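For reference, coords-v1.csv is printed below; it contains CSV, C-alpha atoms.
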```
chain,number,residue,atom,x,y,z
M,1,MET,CA,-70.8,1.9,-96.6
M,2,GLY,CA,-68.4,4.7,-96.4
M,3,GLU,CA,-69.8,5.9,-93.1
M,4,LYS,CA,-69.5,2.5,-91.6
M,5,HIS,CA,-65.9,2.2,-92.7
M,6,ILE,CA,-65.2,5.5,-91.0
M,7,LYS,CA,-66.7,4.5,-87.8
M,8,ILE,CA,-64.7,1.3,-87.7
M,9,LYS,CA,-61.5,3.2,-88.4
M,10,ASN,CA,-62.3,5.7,-85.6
M,11,LYS,CA,-63.1,2.9,-83.3
M,12,LYS,CA,-59.7,1.3,-84.0
M,13,LYS,CA,-58.0,4.6,-83.3
M,14,PHE,CA,-59.9,4.9,-80.0
M,15,ILE,CA,-58.9,1.4,-78.9
M,16,ILE,CA,-55.2,2.0,-79.7
M,17,SER,CA,-55.2,5.3,-77.9
M,18,THR,CA,-56.9,3.9,-74.9
M,19,THR,CA,-54.5,0.9,-74.8
M,20,PHE,CA,-51.6,3.3,-75.0
M,21,LEU,CA,-53.0,5.5,-72.2
M,22,VAL,CA,-53.5,2.4,-70.0
M,23,LEU,CA,-49.9,1.3,-70.6
M,24,ILE,CA,-48.7,4.8,-69.7
M,25,LEU,CA,-50.7,4.8,-66.5
M,26,ILE,CA,-49.5,1.3,-65.6
M,27,SER,CA,-45.9,2.4,-66.2
M,28,ILE,CA,-46.5,5.4,-64.0
M,29,PHE,CA,-48.0,3.4,-61.2
M,30,VAL,CA,-45.3,0.7,-61.4
M,31,GLY,CA,-42.6,3.4,-61.4
M,32,PHE,CA,-44.3,5.1,-58.4
M,33,PHE,CA,-44.5,1.9,-56.3
M,34,LEU,CA,-40.8,1.1,-57.2
M,35,LEU,CA,-39.8,4.6,-56.1
M,36,LEU,CA,-41.9,4.3,-52.9
M,37,ASP,CA,-40.5,0.9,-52.0
M,38,ASN,CA,-36.9,2.2,-52.5
M,39,TYR,CA,-37.7,5.3,-50.4
M,40,LEU,CA,-39.2,3.2,-47.6
M,41,PHE,CA,-36.1,0.8,-47.7
M,42,LYS,CA,-33.7,3.8,-47.4
M,43,ALA,CA,-35.8,5.3,-44.7
M,44,GLN,CA,-35.8,2.0,-42.7
M,45,GLN,CA,-32.0,1.7,-43.2
M,46,THR,CA,-31.4,5.3,-42.1
M,47,ALA,CA,-33.6,4.6,-39.0
M,48,SER,CA,-31.5,1.5,-38.2
M,49,ASP,CA,-28.3,3.5,-38.6
M,50,ILE,CA,-29.6,6.2,-36.3
M,51,THR,CA,-30.6,3.6,-33.8
M,52,ALA,CA,-27.2,1.9,-34.0
M,53,ASP,CA,-25.5,5.2,-33.7
M,54,SER,CA,-27.7,6.1,-30.7
M,55,SER,CA,-26.9,2.8,-29.2
M,56,ASN,CA,-23.2,3.3,-29.8
M,57,HIS,CA,-23.4,6.8,-28.3
M,58,THR,CA,-25.2,5.5,-25.3
M,59,SER,CA,-22.5,2.8,-24.8
M,60,SER,CA,-19.9,5.5,-25.1
M,61,GLN,CA,-21.6,7.5,-22.4
M,62,ASP,CA,-21.8,4.4,-20.3
M,63,PHE,CA,-18.1,3.9,-20.8
M,64,VAL,CA,-17.3,7.4,-19.7
M,65,SER,CA,-19.6,7.0,-16.7
M,66,SER,CA,-18.0,3.7,-15.5
M,67,GLU,CA,-14.4,4.2,-16.6
M,68,ASN,CA,-13.4,7.8,-16.9
M,69,ILE,CA,-15.4,9.5,-14.1
M,70,PRO,CA,-13.2,9.4,-11.0
M,71,GLN,CA,-14.1,6.7,-8.5
M,72,ASP,CA,-13.0,6.2,-4.8
M,73,THR,CA,-10.0,3.9,-4.6
M,74,SER,CA,-8.3,2.4,-1.5
M,75,VAL,CA,-5.0,0.9,-0.3
M,76,THR,CA,-4.7,-1.4,2.7
M,77,LEU,CA,-1.5,-1.0,4.8
M,78,ALA,CA,0.1,-3.3,7.4
M,79,VAL,CA,2.9,-1.7,9.5
M,80,ILE,CA,5.3,-3.5,11.9
M,81,GLY,CA,7.9,-2.3,14.3
M,82,ASP,CA,11.6,-2.9,14.8
M,83,ILE,CA,13.1,-6.0,13.1
M,84,MET,CA,16.1,-6.9,15.1
M,85,CYS,CA,18.3,-10.0,15.3
M,86,HIS,CA,20.3,-10.8,18.4
M,87,ASN,CA,22.7,-13.7,18.7
M,88,THR,CA,20.1,-15.8,20.4
M,89,GLN,CA,17.9,-15.4,17.4
M,90,TYR,CA,20.4,-16.4,14.7
M,91,LYS,CA,21.8,-19.2,16.8
M,92,ASP,CA,18.2,-20.5,17.1
M,93,ALA,CA,17.7,-20.2,13.3
M,94,TYR,CA,20.9,-22.1,12.5
M,95,GLN,CA,20.6,-25.4,10.7
M,96,ALA,CA,23.6,-27.5,11.5
M,97,ASN,CA,22.9,-30.2,8.9
M,98,THR,CA,23.2,-27.6,6.1
M,99,GLY,CA,25.3,-24.9,7.7
M,100,THR,CA,22.6,-22.4,6.8
M,101,TYR,CA,20.0,-20.2,8.5
M,102,ASN,CA,16.2,-20.2,8.2
M,103,PHE,CA,14.0,-17.8,10.1
M,104,SER,CA,10.7,-18.7,8.5
M,105,TYR,CA,9.3,-20.6,11.5
M,106,VAL,CA,9.4,-17.4,13.6
M,107,PHE,CA,6.8,-15.7,11.4
M,108,SER,CA,4.6,-18.6,10.4
M,109,GLU,CA,1.7,-17.8,12.7
M,110,LEU,CA,1.4,-14.2,11.3
M,111,LYS,CA,2.3,-14.6,7.7
M,112,ASP,CA,-1.3,-14.5,6.5
M,113,LYS,CA,-2.0,-11.2,8.3
M,114,LEU,CA,1.0,-9.5,6.6
M,115,ALA,CA,0.7,-11.0,3.1
M,116,SER,CA,-3.0,-10.1,2.7
M,117,THR,CA,-2.6,-6.3,2.5
M,118,ASP,CA,-1.6,-4.1,-0.4
M,119,LEU,CA,1.5,-2.8,1.3
M,120,THR,CA,3.5,-4.0,4.3
M,121,ILE,CA,6.1,-1.7,5.9
M,122,GLY,CA,8.7,-2.2,8.6
M,123,ASN,CA,11.8,-0.9,10.2
M,124,LEU,CA,15.0,-2.9,9.6
M,125,GLU,CA,17.2,-2.4,12.7
M,126,THR,CA,20.2,-4.5,11.6
M,127,THR,CA,22.6,-4.8,8.7
M,128,PHE,CA,23.4,-7.5,6.2
M,129,ALA,CA,27.1,-7.1,5.7
M,130,GLY,CA,27.5,-10.6,4.3
M,131,ASN,CA,29.2,-13.7,5.7
M,132,GLY,CA,32.6,-12.4,4.9
M,133,ARG,CA,32.3,-10.7,8.2
M,134,ALA,CA,31.3,-12.5,11.4
M,135,TYR,CA,27.6,-12.4,12.4
M,136,SER,CA,27.2,-10.2,15.4
M,137,SER,CA,24.7,-8.9,17.9
M,138,TYR,CA,24.5,-5.8,20.1
M,139,PRO,CA,26.1,-3.3,20.0
M,140,THR,CA,26.9,-3.7,16.3
M,141,PHE,CA,24.5,-5.9,14.3
M,142,ASN,CA,25.4,-8.1,11.4
M,143,THR,CA,22.7,-10.6,10.5
M,144,PRO,CA,22.4,-13.6,8.2
M,145,GLU,CA,20.8,-12.6,4.9
M,146,ALA,CA,18.3,-15.4,5.3
M,147,LEU,CA,16.4,-13.1,7.6
M,148,ALA,CA,15.8,-10.8,4.6
M,149,THR,CA,14.6,-13.7,2.6
M,150,SER,CA,12.1,-14.6,5.3
M,151,LEU,CA,10.9,-11.0,5.4
M,152,LYS,CA,10.2,-11.1,1.7
M,153,ASP,CA,8.4,-14.4,2.1
M,154,ILE,CA,5.9,-13.0,4.7
M,155,GLY,CA,5.0,-10.1,2.4
M,156,ILE,CA,7.3,-7.2,3.5
M,157,ASP,CA,7.3,-4.6,0.7
M,158,ILE,CA,9.1,-1.6,2.1
M,159,LEU,CA,11.7,-1.2,4.9
M,160,SER,CA,13.0,1.9,6.6
M,161,THR,CA,16.7,1.6,7.0
M,162,ALA,CA,17.5,4.9,8.8
M,163,ASN,CA,18.2,4.1,12.4
M,164,ASN,CA,20.9,4.2,15.0
M,165,HIS,CA,22.3,0.8,13.8
M,166,SER,CA,22.6,1.9,10.1
M,167,LEU,CA,26.4,2.1,10.2
M,168,ASP,CA,27.0,-0.8,12.6
M,169,THR,CA,29.1,-2.5,9.8
M,170,GLY,CA,30.3,0.7,8.2
M,171,PHE,CA,29.5,2.1,4.8
M,172,ASN,CA,30.2,-1.2,3.1
M,173,GLY,CA,27.8,-3.0,5.4
M,174,LEU,CA,25.2,-0.3,4.7
M,175,SER,CA,25.6,-0.7,1.0
M,176,ASN,CA,25.5,-4.4,1.1
M,177,THR,CA,22.3,-4.3,3.1
M,178,LEU,CA,20.7,-2.3,0.3
M,179,ASN,CA,22.0,-4.7,-2.3
M,180,VAL,CA,20.4,-7.6,-0.4
M,181,LEU,CA,17.1,-5.8,-0.3
M,182,ASP,CA,17.3,-4.8,-4.0
M,183,ASN,CA,18.0,-8.4,-5.0
M,184,LEU,CA,14.8,-9.5,-3.1
M,185,GLY,CA,12.7,-6.7,-4.5
M,186,ILE,CA,12.1,-5.1,-1.1
M,187,LYS,CA,12.0,-1.3,-1.5
M,188,HIS,CA,13.8,0.9,1.1
M,189,MET,CA,14.3,4.4,2.3
M,190,GLY,CA,16.6,6.3,4.7
M,191,THR,CA,20.1,5.1,3.8
M,192,TYR,CA,21.8,5.4,0.4
M,193,ARG,CA,24.9,4.3,-1.5
M,194,THR,CA,25.2,7.5,-3.5
M,195,GLU,CA,24.1,11.1,-3.3
M,196,GLU,CA,21.9,10.6,-6.4
M,197,GLU,CA,20.0,7.9,-4.5
M,198,GLN,CA,19.4,10.2,-1.6
M,199,ASN,CA,18.1,12.9,-4.0
M,200,SER,CA,15.6,10.4,-5.5
M,201,ILE,CA,12.9,9.8,-2.9
M,202,LEU,CA,10.9,6.6,-2.8
M,203,VAL,CA,7.6,7.0,-4.6
M,204,HIS,CA,5.4,4.0,-5.0
M,205,GLU,CA,2.0,4.0,-6.7
M,206,ILE,CA,-0.6,1.3,-6.0
M,207,ASN,CA,-4.3,1.2,-6.8
M,208,GLY,CA,-4.2,4.7,-8.3
M,209,ILE,CA,-2.7,6.2,-5.0
M,210,LYS,CA,0.7,7.7,-5.2
M,211,PHE,CA,2.8,7.4,-1.9
M,212,ALA,CA,6.1,9.0,-1.0
M,213,PHE,CA,8.0,7.2,1.8
M,214,LEU,CA,10.6,9.1,3.7
M,215,SER,CA,12.8,8.1,6.7
M,216,TYR,CA,15.0,9.8,9.3
M,217,THR,CA,17.0,8.9,12.4
M,218,TYR,CA,18.2,10.9,15.4
M,219,GLY,CA,21.7,9.4,15.1
M,220,THR,CA,24.0,6.4,14.5
M,221,ASN,CA,25.1,5.5,18.0
M,222,GLY,CA,28.1,7.7,17.9
M,223,ILE,CA,29.5,6.1,14.8
M,224,PRO,CA,30.6,9.0,12.6
M,225,ILE,CA,29.2,9.5,9.1
M,226,PRO,CA,32.0,8.5,6.7
M,227,SER,CA,33.9,11.5,5.3
M,228,GLY,CA,32.5,12.6,2.0
M,229,LYS,CA,29.4,10.5,2.4
M,230,ASP,CA,27.0,12.7,4.3
M,231,PHE,CA,24.3,11.4,2.0
M,232,CYS,CA,24.4,7.8,3.3
M,233,VAL,CA,22.1,8.2,6.3
M,234,ASN,CA,19.1,10.6,6.6
M,235,LEU,CA,19.6,12.3,10.0
M,236,ILE,CA,16.7,14.2,11.5
M,237,SER,CA,17.2,17.7,10.1
M,238,GLU,CA,14.4,20.0,9.5
M,239,ASP,CA,16.1,21.4,6.4
M,240,LEU,CA,16.5,17.9,4.9
M,241,ILE,CA,13.0,16.9,5.9
M,242,LEU,CA,11.4,20.1,4.3
M,243,ARG,CA,13.5,19.6,1.2
M,244,GLN,CA,12.3,16.1,0.7
M,245,ILE,CA,8.7,16.9,1.6
M,246,GLU,CA,8.7,19.6,-1.1
M,247,GLN,CA,10.2,17.1,-3.6
M,248,ALA,CA,7.4,14.7,-2.8
M,249,LYS,CA,4.9,17.4,-3.4
M,250,SER,CA,6.6,18.4,-6.7
M,251,GLU,CA,6.1,14.7,-7.8
M,252,ASN,CA,2.3,15.1,-7.2
M,253,VAL,CA,2.1,12.4,-4.6
M,254,ASP,CA,-1.2,11.8,-2.8
M,255,VAL,CA,0.2,10.6,0.6
M,256,ILE,CA,3.4,11.4,2.4
M,257,CYS,CA,4.4,8.7,4.9
M,258,VAL,CA,7.4,9.3,7.2
M,259,SER,CA,9.3,6.9,9.4
M,260,MET,CA,10.9,8.6,12.4
M,261,HIS,CA,13.6,6.9,14.5
M,262,TRP,CA,13.3,9.0,17.6
M,263,GLY,CA,12.2,9.0,21.3
M,264,THR,CA,13.5,7.5,24.5
M,265,GLU,CA,14.4,3.9,24.8
M,266,TYR,CA,12.0,1.8,26.9
M,267,LEU,CA,9.7,4.7,27.6
M,268,ASP,CA,6.1,4.0,26.7
M,269,VAL,CA,5.0,7.6,26.3
M,270,PRO,CA,6.4,10.1,23.6
M,271,ASN,CA,8.7,12.8,24.8
M,272,LYS,CA,8.3,16.5,24.0
M,273,GLU,CA,10.7,16.4,21.0
M,274,GLN,CA,8.7,13.6,19.4
M,275,GLU,CA,5.5,15.6,19.9
M,276,ARG,CA,7.1,18.8,18.5
M,277,LEU,CA,8.4,17.0,15.4
M,278,ALA,CA,5.1,15.3,14.8
M,279,ASP,CA,3.4,18.8,14.7
M,280,PHE,CA,6.2,20.0,12.4
M,281,LEU,CA,5.7,17.1,10.0
M,282,PHE,CA,1.9,17.5,10.0
M,283,GLU,CA,2.0,21.2,9.4
M,284,ASN,CA,4.2,20.8,6.4
M,285,GLY,CA,2.0,18.2,4.7
M,286,VAL,CA,2.9,14.8,6.1
M,287,ASP,CA,-0.1,12.4,6.3
M,288,ILE,CA,1.3,9.4,8.2
M,289,ILE,CA,4.1,9.2,10.8
M,290,LEU,CA,5.5,5.8,11.9
M,291,GLY,CA,7.7,5.9,15.0
M,292,SER,CA,10.4,3.5,16.1
M,293,HIS,CA,13.4,3.3,18.4
M,294,PRO,CA,12.0,3.1,22.0
M,295,HIS,CA,11.6,-0.8,21.6
M,296,VAL,CA,8.3,-0.5,23.4
M,297,LEU,CA,4.9,0.6,22.2
M,298,GLU,CA,3.8,4.2,22.5
M,299,LYS,CA,0.4,5.8,21.8
M,300,MET,CA,-1.2,6.4,18.4
M,301,GLU,CA,-3.7,9.0,17.4
M,302,LYS,CA,-5.6,10.2,14.4
M,303,ARG,CA,-6.0,14.0,13.9
M,304,THR,CA,-7.6,16.5,11.7
M,305,VAL,CA,-4.5,18.4,10.6
M,306,THR,CA,-4.3,22.0,9.4
M,307,THR,CA,-1.3,22.6,7.2
M,308,LYS,CA,0.7,25.8,6.8
M,309,ASP,CA,-1.2,26.6,3.6
M,310,GLY,CA,-4.5,26.4,5.5
M,311,LYS,CA,-5.7,23.0,4.2
M,312,THR,CA,-7.3,20.5,6.6
M,313,LYS,CA,-6.9,16.8,6.2
M,314,ASP,CA,-6.5,13.5,8.1
M,315,GLY,CA,-3.2,12.8,9.9
M,316,PHE,CA,-2.1,9.7,11.7
M,317,VAL,CA,0.8,9.1,14.1
M,318,ILE,CA,2.0,6.2,16.1
M,319,TYR,CA,5.0,7.4,18.2
M,320,SER,CA,6.5,3.9,18.6
M,321,LEU,CA,5.6,0.5,17.2
M,322,GLY,CA,7.9,-1.3,19.6
M,323,ASN,CA,9.9,-4.4,18.5
M,324,PHE,CA,8.3,-6.6,15.9
M,325,VAL,CA,11.0,-9.3,16.6
M,326,SER,CA,14.1,-9.2,18.8
M,327,GLY,CA,16.0,-11.1,21.4
M,328,GLN,CA,15.5,-8.4,24.0
M,329,VAL,CA,14.2,-9.4,27.4
M,330,LYS,CA,13.6,-6.0,29.1
M,331,LYS,CA,10.1,-5.3,30.3
M,332,ASN,CA,7.6,-4.7,27.5
M,333,THR,CA,10.1,-5.2,24.7
M,334,ARG,CA,8.4,-8.5,23.5
M,335,SER,CA,5.0,-6.9,22.9
M,336,SER,CA,4.0,-5.1,19.7
M,337,ILE,CA,1.3,-4.8,17.2
M,338,ILE,CA,0.5,-5.3,13.5
M,339,LEU,CA,-1.0,-1.9,12.6
M,340,ASN,CA,-3.6,-1.9,9.9
M,341,MET,CA,-5.1,1.0,8.1
M,342,THR,CA,-6.9,1.9,4.9
M,343,VAL,CA,-6.0,4.9,2.9
M,344,THR,CA,-8.7,6.1,0.5
M,345,LYS,CA,-8.5,8.6,-2.4
M,346,ARG,CA,-11.9,10.1,-2.9
M,347,ALA,CA,-13.4,10.9,-6.3
M,348,ASP,CA,-12.7,14.6,-5.6
M,349,GLY,CA,-9.0,13.8,-5.0
M,350,ASN,CA,-9.1,14.2,-1.2
M,351,ILE,CA,-7.3,11.6,1.0
M,352,SER,CA,-8.8,10.0,4.1
M,353,ILE,CA,-7.3,7.5,6.6
M,354,ASP,CA,-9.9,4.9,7.5
M,355,SER,CA,-10.4,1.7,9.3
M,356,ILE,CA,-7.5,1.9,11.7
M,357,ASP,CA,-7.0,-1.1,13.9
M,358,TYR,CA,-4.3,-3.5,15.1
M,359,THR,CA,-3.4,-7.0,16.1
M,360,PRO,CA,-1.5,-7.3,19.5
M,361,ILE,CA,1.4,-9.7,19.1
M,362,TYR,CA,4.0,-11.2,21.3
M,363,CYS,CA,7.5,-12.6,20.6
M,364,TYR,CA,7.2,-15.9,22.4
M,365,THR,CA,10.2,-18.0,23.2
M,366,ALA,CA,10.5,-21.6,24.3
M,367,SER,CA,13.5,-23.3,25.8
M,368,LYS,CA,13.7,-25.8,23.0
M,369,SER,CA,15.3,-25.3,19.6
M,370,LYS,CA,13.4,-23.1,17.1
M,371,GLY,CA,11.8,-21.5,20.1
M,372,TYR,CA,11.2,-18.0,18.8
M,373,LYS,CA,7.6,-17.5,17.5
M,374,LEU,CA,5.5,-14.4,16.9
M,375,ILE,CA,1.9,-15.0,18.1
M,376,ASP,CA,-1.4,-13.2,17.9
M,377,ILE,CA,-2.2,-12.7,21.6
M,378,ALA,CA,-6.0,-12.4,21.4
M,379,HIS,CA,-6.2,-15.4,19.0
M,380,GLU,CA,-4.1,-17.6,21.2
M,381,LEU,CA,-6.2,-16.7,24.3
M,382,GLU,CA,-9.3,-17.8,22.4
M,383,LEU,CA,-7.5,-21.1,21.6
M,384,TYR,CA,-6.5,-21.4,25.3
M,385,GLU,CA,-10.1,-21.1,26.3
M,386,ALA,CA,-10.8,-23.9,23.8
M,387,GLN,CA,-7.9,-25.8,25.3
M,388,SER,CA,-6.0,-25.9,22.0
M,389,SER,CA,-3.3,-23.2,22.2
M,390,ASN,CA,0.3,-24.3,21.6
M,391,TYR,CA,1.7,-21.3,23.5
M,392,ILE,CA,-0.7,-20.2,26.3
M,393,ASN,CA,-1.4,-22.5,29.2
M,394,SER,CA,-2.7,-22.2,32.8
M,395,SER,CA,0.7,-21.0,34.0
M,396,ASN,CA,1.0,-18.0,31.7
M,397,ALA,CA,-2.6,-17.2,30.7
M,398,THR,CA,-2.9,-14.4,33.3
M,399,PHE,CA,0.3,-12.8,32.0
M,400,TYR,CA,-1.0,-12.7,28.4
M,401,LYS,CA,-4.4,-11.4,29.5
M,402,ASN,CA,-2.7,-8.6,31.4
M,403,GLU,CA,-0.4,-7.9,28.4
M,404,LEU,CA,-3.3,-7.6,26.1
M,405,GLU,CA,-5.0,-5.1,28.3
M,406,ARG,CA,-1.7,-3.1,28.8
M,407,ILE,CA,-1.3,-2.8,25.0
M,408,HIS,CA,-4.7,-1.3,24.6
M,409,GLN,CA,-4.0,1.2,27.4
M,410,VAL,CA,-0.6,2.3,26.1
M,411,LEU,CA,-1.9,2.8,22.6
M,412,GLY,CA,-4.9,4.8,23.9
M,413,TRP,CA,-7.0,3.6,21.0
M,414,ILE,CA,-10.5,2.3,21.0
M,415,GLN,CA,-10.7,-0.3,18.3
M,416,GLU,CA,-13.6,0.0,15.9
```
Produce structure tokens that represent the structure in this file.
Amino acid sequence: MGEKHIKIKNKKKFIISTTFLVLILISIFVGFFLLLDNYLFKAQQTASDITADSSNHTSSQDFVSSENIPQDTSVTLAVIGDIMCHNTQYKDAYQANTGTYNFSYVFSELKDKLASTDLTIGNLETTFAGNGRAYSSYPTFNTPEALATSLKDIGIDILSTANNHSLDTGFNGLSNTLNVLDNLGIKHMGTYRTEEEQNSILVHEINGIKFAFLSYTYGTNGIPIPSGKDFCVNLISEDLILRQIEQAKSENVDVICVSMHWGTEYLDVPNKEQERLADFLFENGVDIILGSHPHVLEKMEKRTVTTKDGKTKDGFVIYSLGNFVSGQVKKNTRSSIILNMTVTKRADGNISIDSIDYTPIYCYTASKSKGYKLIDIAHELELYEAQSSNYINSSNATFYKNELERIHQVLGWIQE
């Protein structure tokens, strides 16, 4: 009896102990699985964060690759020659019903060619002294301001104003000309209202390429520079040119473009002084030289230039662009070109002058009112062959064909 009681008691102790042990083991396993699940969750979250960070890091690398690593960039230029206005032109542009002037019809055939480039540059060979002074023609030009408005409308961005007619209407006329251009948003170089303006060269940045535009003339037709205003016209002086070139370099420009009013009128080849000055400009760091004054076309050429500091680079010169528009009737003064080129800044910072070509144009006149019209010669010859030209017909087709060939020969350039 007593032995049996002891066995039952021991059995109860064993059951209690076993149950307690099982509970402990269950708690351990549950705790272990909870810890394992938490660990796996954190591990997965960490992996996701690493992946996201890696993805963000890759995106950042891609951003650096596409945005911050230097890329090639280009600017397209259109350049035109002398913009003149004789009395035959402004009389043709006069609108009697309103008492105003409108020159827009003159440029309508070429507007798209000029407005489609990044920059369009020309040489303004007249003054806008205002209607308080009579409009006048050669030898001292004063033109209706409506011409400037039409130039803006066709896309002219920059005008050289240093030429032999800069002082045709005196210092006041020179100043008012610049006021007119400023009001239209047309930039300019070569003539100035103050000494401070002359000392602040024209720098223009577009598409990541920084240009300096400089301009000089051989003289002012014997009209003296006003006393105390030596700054008002940039005359061709090697000291002045070198000073402004160095100023352009100090402003870290990529391209130096110089307009030169030089040469011999009506001569279709450059003279020795033009060639000497071109060499001088290139040697001192100029990239592009745009010539004017002869009123007829002269040759153009692209060179590999070696500067005084031993660097080699592209250089381009056209010795004369001829007249863009004028009332002149002398031989070859009605023919010109729209010069086109592309300036490229390479990823390494070097500059190249590419894709140089041109459109031969002619200043056509008809006997009827609004008779002045600038035309694309080659395009109009094509239309003539298709019997749809408004300007070329059987009586003048041979002239225009010969003129087209002569332009190619004078420029000495094989179009690409």
Near segment 117-129 of chain M, 10 Å: segment 310-354 of chain M residue rows, closest pairs, only C-alpha atoms, as a Markdown table:
```
| residue | atom | partner | partner_atom | distance |
| --- | --- | --- | --- | --- |
| M:Leu321 | CA | M:Asn123 | CA | 9.5 |
| M:Asn323 | CA | M:Asn123 | CA | 9.2 |
| M:Phe324 | CA | M:Gly122 | CA | 8.5 |
| M:Ser326 | CA | M:Glu125 | CA | 9.6 |
| M:Ile338 | CA | M:Thr120 | CA | 9.8 |
| M:Leu339 | CA | M:Thr120 | CA | 9.7 |
| M:Asn340 | CA | M:Thr117 | CA | 8.7 |
| M:Met341 | CA | M:Thr117 | CA | 9.5 |
| M:Thr342 | CA | M:Thr117 | CA | 9.6 |
```
Using only C-alpha atoms, which of the listed residues (M:Glu195, M:Glu283, M:Asp157, M:Glu405) sits closest to Asp230 of chain M?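 Among M:Glu195, M:Glu283, M:Asp157, M:Glu405, it is M:Glu195 that comes nearest to Asp230 of chain M.
For the set M:Thr161, M:Thr359, M:Thr365, M:Asn142, the residue with the smallest atom-to-atom gap to Lys113 of chain M is M:Thr359, counting only C-alpha atoms.
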Can you tell me, as an MDAnalysis selection string, which residues sit within 10 Å of (-4.9, 5.6, 0.5) in the file's frame, using all atoms listed in the file? chainID M and resid 72:77 206:211 254:255 341:346 350:354
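Close to (0.0, -14.4, 30.4), meaning no more than 12 Å away when counting all atoms listed in the file, sit the residues Ser335, Tyr362, Tyr364, Ile377, Ala378, Glu380, Leu381, Tyr384, Tyr391, Ile392, Asn393, Ser394, Ser395, Asn396, Ala397, Thr398, Phe399, Tyr400, Lys401, Asn402, Glu403, Leu404, Glu405 and Arg406 of chain M.
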To one decimal place, how far is atom CA of Glu246 of chain M from atom CA of Lys311 of chain M in Å? 15.7 Å
Considering all atoms listed in the file, return as a ChimeraX atom specification whatever protein or nucleic-acid residues lie within 12 Å of Thr143 of chain M, sequence-local ones (same chain, fewer than 2 positions apart) excluded. /M:83-91,93-94,101-103,124-138,140-141,145-149,165,168-169,173,176-177,180
Interatomic distance between atom CA of Tyr218 of chain M and atom CA of Tyr358 of chain M? 26.7 Å
Tell me, in Å to one decimal, how far atom CA of Thr312 of chain M is from atom CA of Ala212 of chain M. 19.2 Å
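Distance annotation: of M:Ser160, M:His293, M:Asn284, M:Val329, the residue with the minimal separation from Asp309 of chain M is M:Asn284; atom set is only C-alpha atoms.
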Applying 8 Å and all atoms listed in the file, which residues near Lys302 of chain M remain after dropping the ones on its own chain fewer than 5 positions away? List them as a list in words. Asp314, Gly315, Phe316 and Val317 of chain M
Polymer residues at most 9 Å from segment 285-291 of chain M, only C-alpha atoms, same-chain spacing of 2 or more positions, as number ranges by chain: M: 79, 81, 245-246, 249, 255-263, 274, 278, 280-283, 293-294, 298, 305-308, 313-322, 351, 353
Same residues, C-alpha atoms, output as a PDB file, in the frame of the given file:
```pdb
ATOM      1  CA  VAL M  79       2.900  -1.700   9.500  1.00  0.00           C
ATOM      2  CA  GLY M  81       7.900  -2.300  14.300  1.00  0.00           C
ATOM      3  CA  ILE M 245       8.700  16.900   1.600  1.00  0.00           C
ATOM      4  CA  GLU M 246       8.700  19.600  -1.100  1.00  0.00           C
ATOM      5  CA  LYS M 249       4.900  17.400  -3.400  1.00  0.00           C
ATOM      6  CA  VAL M 255       0.200  10.600   0.600  1.00  0.00           C
ATOM      7  CA  ILE M 256       3.400  11.400   2.400  1.00  0.00           C
ATOM      8  CA  CYS M 257       4.400   8.700   4.900  1.00  0.00           C
ATOM      9  CA  VAL M 258       7.400   9.300   7.200  1.00  0.00           C
ATOM     10  CA  SER M 259       9.300   6.900   9.400  1.00  0.00           C
ATOM     11  CA  MET M 260      10.900   8.600  12.400  1.00  0.00           C
ATOM     12  CA  HIS M 261      13.600   6.900  14.500  1.00  0.00           C
ATOM     13  CA  TRP M 262      13.300   9.000  17.600  1.00  0.00           C
ATOM     14  CA  GLY M 263      12.200   9.000  21.300  1.00  0.00           C
ATOM     15  CA  GLN M 274       8.700  13.600  19.400  1.00  0.00           C
ATOM     16  CA  ALA M 278       5.100  15.300  14.800  1.00  0.00           C
ATOM     17  CA  PHE M 280       6.200  20.000  12.400  1.00  0.00           C
ATOM     18  CA  LEU M 281       5.700  17.100  10.000  1.00  0.00           C
ATOM     19  CA  PHE M 282       1.900  17.500  10.000  1.00  0.00           C
ATOM     20  CA  GLU M 283       2.000  21.200   9.400  1.00  0.00           C
ATOM     21  CA  HIS M 293      13.400   3.300  18.400  1.00  0.00           C
ATOM     22  CA  PRO M 294      12.000   3.100  22.000  1.00  0.00           C
ATOM     23  CA  GLU M 298       3.800   4.200  22.500  1.00  0.00           C
ATOM     24  CA  VAL M 305      -4.500  18.400  10.600  1.00  0.00           C
ATOM     25  CA  THR M 306      -4.300  22.000   9.400  1.00  0.00           C
ATOM     26  CA  THR M 307      -1.300  22.600   7.200  1.00  0.00           C
ATOM     27  CA  LYS M 308       0.700  25.800   6.800  1.00  0.00           C
ATOM     28  CA  LYS M 313      -6.900  16.800   6.200  1.00  0.00           C
ATOM     29  CA  ASP M 314      -6.500  13.500   8.100  1.00  0.00           C
ATOM     30  CA  GLY M 315      -3.200  12.800   9.900  1.00  0.00           C
ATOM     31  CA  PHE M 316      -2.100   9.700  11.700  1.00  0.00           C
ATOM     32  CA  VAL M 317       0.800   9.100  14.100  1.00  0.00           C
ATOM     33  CA  ILE M 318       2.000   6.200  16.100  1.00  0.00           C
ATOM     34  CA  TYR M 319       5.000   7.400  18.200  1.00  0.00           C
ATOM     35  CA  SER M 320       6.500   3.900  18.600  1.00  0.00           C
ATOM     36  CA  LEU M 321       5.600   0.500  17.200  1.00  0.00           C
ATOM     37  CA  GLY M 322       7.900  -1.300  19.600  1.00  0.00           C
ATOM     38  CA  ILE M 351      -7.300  11.600   1.000  1.00  0.00           C
ATOM     39  CA  ILE M 353      -7.300   7.500   6.600  1.00  0.00           C
TER      40      ILE M 353
END
```
